[in-house]
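Asks: For reference, the file structure-v9.cif (mmCIF, C-alpha atoms) is included below:
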data_start
#
loop_
_atom_site.group_PDB
_atom_site.id
_atom_site.type_symbol
_atom_site.label_atom_id
_atom_site.label_comp_id
_atom_site.auth_asym_id
_atom_site.auth_seq_id
_atom_site.Cartn_x
_atom_site.Cartn_y
_atom_site.Cartn_z
ATOM 1 C CA GLN A 10 5.982 1.313 -16.256
ATOM 2 C CA VAL A 11 8.590 -1.073 -17.605
ATOM 3 C CA GLN A 12 7.641 -4.574 -18.624
ATOM 4 C CA LEU A 13 10.368 -7.221 -18.421
ATOM 5 C CA VAL A 14 10.245 -10.711 -19.887
ATOM 6 C CA GLU A 15 12.986 -13.265 -19.268
ATOM 7 C CA SER A 16 13.743 -16.199 -21.537
ATOM 8 C CA GLY A 17 16.464 -18.751 -22.143
ATOM 9 C CA GLY A 18 16.207 -20.863 -19.038
ATOM 10 C CA GLY A 19 16.200 -24.634 -19.125
ATOM 11 C CA LEU A 20 17.906 -27.836 -18.066
ATOM 12 C CA VAL A 21 21.642 -28.196 -18.579
ATOM 13 C CA GLN A 22 24.337 -30.530 -17.316
ATOM 14 C CA ALA A 23 26.961 -29.317 -14.910
ATOM 15 C CA GLY A 24 29.723 -27.569 -16.817
ATOM 16 C CA GLY A 25 27.357 -26.478 -19.529
ATOM 17 C CA SER A 26 26.186 -23.034 -20.605
ATOM 18 C CA LEU A 27 22.983 -21.062 -20.968
ATOM 19 C CA ARG A 28 22.232 -17.558 -22.155
ATOM 20 C CA LEU A 29 19.376 -15.730 -20.531
ATOM 21 C CA SER A 30 17.670 -12.763 -22.152
ATOM 22 C CA CYS A 31 15.546 -10.027 -20.647
ATOM 23 C CA ALA A 32 13.392 -8.104 -23.107
ATOM 24 C CA ALA A 33 12.122 -4.727 -21.952
ATOM 25 C CA SER A 34 9.205 -2.641 -23.154
ATOM 26 C CA GLY A 35 7.451 0.474 -21.978
ATOM 27 C CA ARG A 36 9.728 3.293 -20.945
ATOM 28 C CA THR A 37 13.172 4.001 -22.408
ATOM 29 C CA PHE A 38 15.347 0.995 -21.650
ATOM 30 C CA SER A 39 18.595 2.960 -21.544
ATOM 31 C CA ASN A 40 17.266 5.042 -18.657
ATOM 32 C CA TYR A 41 17.547 2.041 -16.345
ATOM 33 C CA ALA A 42 20.427 0.220 -14.758
ATOM 34 C CA MET A 43 19.594 -3.450 -14.844
ATOM 35 C CA GLY A 44 20.211 -6.441 -12.666
ATOM 36 C CA TRP A 45 19.924 -10.189 -12.536
ATOM 37 C CA PHE A 46 18.806 -11.955 -9.371
ATOM 38 C CA ARG A 47 18.058 -15.569 -8.586
ATOM 39 C CA GLN A 48 16.020 -17.451 -6.052
ATOM 40 C CA ALA A 49 16.490 -21.080 -5.163
ATOM 41 C CA PRO A 50 13.801 -23.097 -3.352
ATOM 42 C CA GLY A 51 13.628 -22.154 0.313
ATOM 43 C CA ARG A 52 16.111 -19.332 -0.063
ATOM 44 C CA GLU A 53 15.911 -15.583 -0.338
ATOM 45 C CA ARG A 54 16.307 -13.800 -3.641
ATOM 46 C CA GLU A 55 19.982 -13.040 -4.188
ATOM 47 C CA PHE A 56 21.947 -10.676 -6.359
ATOM 48 C CA VAL A 57 23.760 -12.121 -9.367
ATOM 49 C CA ALA A 58 24.913 -9.223 -11.546
ATOM 50 C CA ARG A 59 24.280 -5.587 -12.370
ATOM 51 C CA ILE A 60 24.970 -3.414 -15.412
ATOM 52 C CA SER A 61 24.869 0.364 -15.667
ATOM 53 C CA ARG A 62 22.647 2.268 -18.056
ATOM 54 C CA SER A 63 25.283 2.490 -20.752
ATOM 55 C CA GLY A 64 26.762 -0.932 -20.077
ATOM 56 C CA GLY A 65 30.062 0.582 -19.053
ATOM 57 C CA ARG A 66 30.048 -0.665 -15.482
ATOM 58 C CA VAL A 67 29.227 -4.197 -14.349
ATOM 59 C CA TYR A 68 29.192 -5.946 -11.012
ATOM 60 C CA TYR A 69 28.974 -9.611 -10.090
ATOM 61 C CA ALA A 70 28.305 -11.679 -7.019
ATOM 62 C CA ASP A 71 31.426 -13.531 -5.919
ATOM 63 C CA SER A 72 29.680 -16.847 -6.531
ATOM 64 C CA VAL A 73 29.384 -16.200 -10.284
ATOM 65 C CA LYS A 74 32.417 -14.022 -10.987
ATOM 66 C CA GLY A 75 34.486 -15.443 -13.830
ATOM 67 C CA ARG A 76 31.663 -17.695 -15.001
ATOM 68 C CA PHE A 77 28.777 -15.331 -15.798
ATOM 69 C CA THR A 78 28.784 -12.287 -18.063
ATOM 70 C CA ILE A 79 26.128 -9.590 -18.036
ATOM 71 C CA SER A 80 25.600 -7.394 -21.084
ATOM 72 C CA ARG A 81 22.963 -5.238 -22.719
ATOM 73 C CA ASP A 82 21.963 -3.998 -26.140
ATOM 74 C CA ASN A 83 20.091 -0.726 -25.712
ATOM 75 C CA ALA A 84 19.167 -0.659 -29.400
ATOM 76 C CA LYS A 85 17.319 -3.950 -28.892
ATOM 77 C CA ASN A 86 15.975 -3.122 -25.420
ATOM 78 C CA THR A 87 17.470 -6.360 -24.191
ATOM 79 C CA MET A 88 19.809 -7.491 -21.427
ATOM 80 C CA TYR A 89 21.655 -10.789 -21.353
ATOM 81 C CA LEU A 90 23.287 -13.123 -18.892
ATOM 82 C CA GLN A 91 25.769 -15.574 -20.371
ATOM 83 C CA MET A 92 26.262 -18.393 -17.888
ATOM 84 C CA ASN A 93 29.193 -20.740 -18.367
ATOM 85 C CA SER A 94 30.608 -23.571 -16.259
ATOM 86 C CA LEU A 95 27.256 -24.019 -14.589
ATOM 87 C CA LYS A 96 27.099 -25.805 -11.269
ATOM 88 C CA PRO A 97 24.213 -27.587 -9.539
ATOM 89 C CA GLU A 98 24.161 -24.771 -6.974
ATOM 90 C CA ASP A 99 23.282 -22.336 -9.785
ATOM 91 C CA ARG A 100 19.868 -23.938 -9.968
ATOM 92 C CA ALA A 101 17.232 -21.248 -9.336
ATOM 93 C CA VAL A 102 14.603 -19.063 -10.880
ATOM 94 C CA TYR A 103 16.426 -16.160 -12.490
ATOM 95 C CA TYR A 104 14.839 -12.719 -12.538
ATOM 96 C CA CYS A 105 15.775 -9.533 -14.333
ATOM 97 C CA ALA A 106 15.070 -6.200 -12.723
ATOM 98 C CA ALA A 107 15.211 -2.518 -13.646
ATOM 99 C CA ASP A 108 16.557 0.236 -11.402
ATOM 100 C CA GLY A 109 15.243 3.707 -12.166
ATOM 101 C CA ALA A 110 17.642 5.620 -9.907
ATOM 102 C CA ALA A 111 19.524 7.344 -12.720
ATOM 103 C CA LEU A 112 22.153 9.037 -10.576
ATOM 104 C CA LEU A 113 23.128 5.695 -9.046
ATOM 105 C CA SER A 114 23.608 3.857 -12.322
ATOM 106 C CA TYR A 115 27.314 3.255 -11.695
ATOM 107 C CA THR A 116 26.804 2.270 -8.085
ATOM 108 C CA LEU A 117 26.605 -1.307 -6.888
ATOM 109 C CA ARG A 118 23.007 -1.836 -5.777
ATOM 110 C CA SER A 119 22.463 -5.451 -4.842
ATOM 111 C CA ALA A 120 19.336 -5.402 -2.680
ATOM 112 C CA PRO A 121 16.109 -6.478 -4.376
ATOM 113 C CA ASP A 122 14.175 -3.552 -2.901
ATOM 114 C CA GLU A 123 16.441 -1.131 -4.757
ATOM 115 C CA TYR A 124 14.906 -2.220 -8.058
ATOM 116 C CA ASP A 125 11.646 -0.881 -9.374
ATOM 117 C CA TYR A 126 10.454 -3.399 -11.943
ATOM 118 C CA TRP A 127 10.736 -7.178 -12.195
ATOM 119 C CA GLY A 128 10.177 -9.892 -14.733
ATOM 120 C CA GLN A 129 8.315 -13.106 -14.041
ATOM 121 C CA GLY A 130 11.454 -15.253 -13.912
ATOM 122 C CA THR A 131 12.914 -18.142 -15.874
ATOM 123 C CA GLN A 132 13.899 -21.494 -14.389
ATOM 124 C CA VAL A 133 17.481 -22.728 -14.637
ATOM 125 C CA THR A 134 18.170 -26.311 -13.623
ATOM 126 C CA VAL A 135 21.669 -27.799 -13.580
ATOM 127 C CA SER A 136 22.028 -31.554 -13.295
ATOM 128 C CA SER A 137 25.093 -33.108 -11.732
#
Render the structure in this file as structure tokens.

Replies:
Amino acid sequence: QVQLVESGGGLVQAGGSLRLSCAASGRTFSNYAMGWFRQAPGREREFVARISRSGGRVYYADSVKGRFTISRDNAKNTMYLQMNSLKPEDRAVYYCAADGAALLSYTLRSAPDEYDYWGQGTQVTVSS
């Protein structure tokens, strides 16, 4: 089992920044590719970003490319999402997720059902 806890959400004005963190415990963090997803009210959960086990490969949804940066610190068992130039449409609950498919670490996997463990989510609200 892997336990994931997100933090760093909050209320920010459009154009502002937030940094989300995802702290992992349980099994070896570096064994998992990690992802960020978000879910807005009335919408399905959508892919935001993914990072490989070593951090050497990252992927982003087109909607956040150039504004968001995913990173990880395996020594601290923590993943991050730096969000800049936030827009009202970025408002959602943000979730981190762990993917245990080791051989697919460098592959883009953007479907929620491809991830094995999930955090409880952190709310991000962007005012216009």

Asks: Using the chain letters and numbers from the file, which residues does the PyMOL selection byres ((chain A and resi 54-63) around 10) grab, as a PyMOL selection string?

Replies: chain A and resi 38-53+64-74+77-83+88+90+101-109+111+113-121

Asks: With distances taken over only C-alpha atoms, which residue among A:Thr134, A:Asn86, A:Gln12, A:Gln129 lies nearest A:Leu27?

Replies: A:Thr134

Asks: Between A:Leu112, A:Trp127, A:Ser137, A:Gln132, single out the one closest to A:Leu29, counting only C-alpha atoms.

Replies: A:Gln132

Asks: Using all atoms listed in the file, which protein or nucleic acid residues come within 12 Å of A:Ser136? Drop anything in the same chain fewer than 6 positions from it, and give the result as a PyMOL selection string.

Replies: chain A and resi 19-26+95-100

Asks: At what distance in Å, to one decimal, does atom CA of A:Glu15 lie from atom CA of A:Gly128?

Replies: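 Atom CA of A:Gly128 sits 6.3 Å away from atom CA of A:Glu15.
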
Asks: Pick out the residues sitting within 9 Å of A:Gly35, and hand them over as a PyMOL selection string; count only C-alpha atoms, and ignore anything fewer than 2 positions along from it in its own chain.

Replies: chain A and resi 10-13+33+37-38

Asks: Can you list, as a short mmCIF file (atom, residue, chain, number, x, y, z; two decimals) with C-alpha atoms, in the frame of the given file, every protein, DNA or RNA residue that comes within 7 Å of A:Arg28 when you count all atoms listed in the file, leaving out same-chain residues fewer than 2 positions away?

Replies:
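This went into around_8.cif:
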data_model
loop_
_atom_site.label_atom_id
_atom_site.label_comp_id
_atom_site.auth_asym_id
_atom_site.auth_seq_id
_atom_site.Cartn_x
_atom_site.Cartn_y
_atom_site.Cartn_z
CA GLY A 17 16.46 -18.75 -22.14
CA SER A 26 26.19 -23.03 -20.60
CA SER A 30 17.67 -12.76 -22.15
CA TYR A 89 21.66 -10.79 -21.35
CA LEU A 90 23.29 -13.12 -18.89
CA GLN A 91 25.77 -15.57 -20.37
CA MET A 92 26.26 -18.39 -17.89
#

Asks: To test the calculation: enclose all listed atoms of stretch 97-103 of chain A in a box whose edges run along x, y and z, add 3 Å on each side, then state centre and edge lengths in Å to one decimal, as lines of an AutoDock Vina configuration file.

Replies:
center_x = 19.4
center_y = -21.9
center_z = -9.7
size_x = 15.6
size_y = 17.4
size_z = 11.5

Asks: Nearest to A:Thr87 among A:Asp125, A:Gly130, A:Gly18, A:Ser34, with distances taken over only C-alpha atoms: which residue is it?

Replies: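 Looking at the shortest contact to A:Thr87, the residue is A:Ser34.
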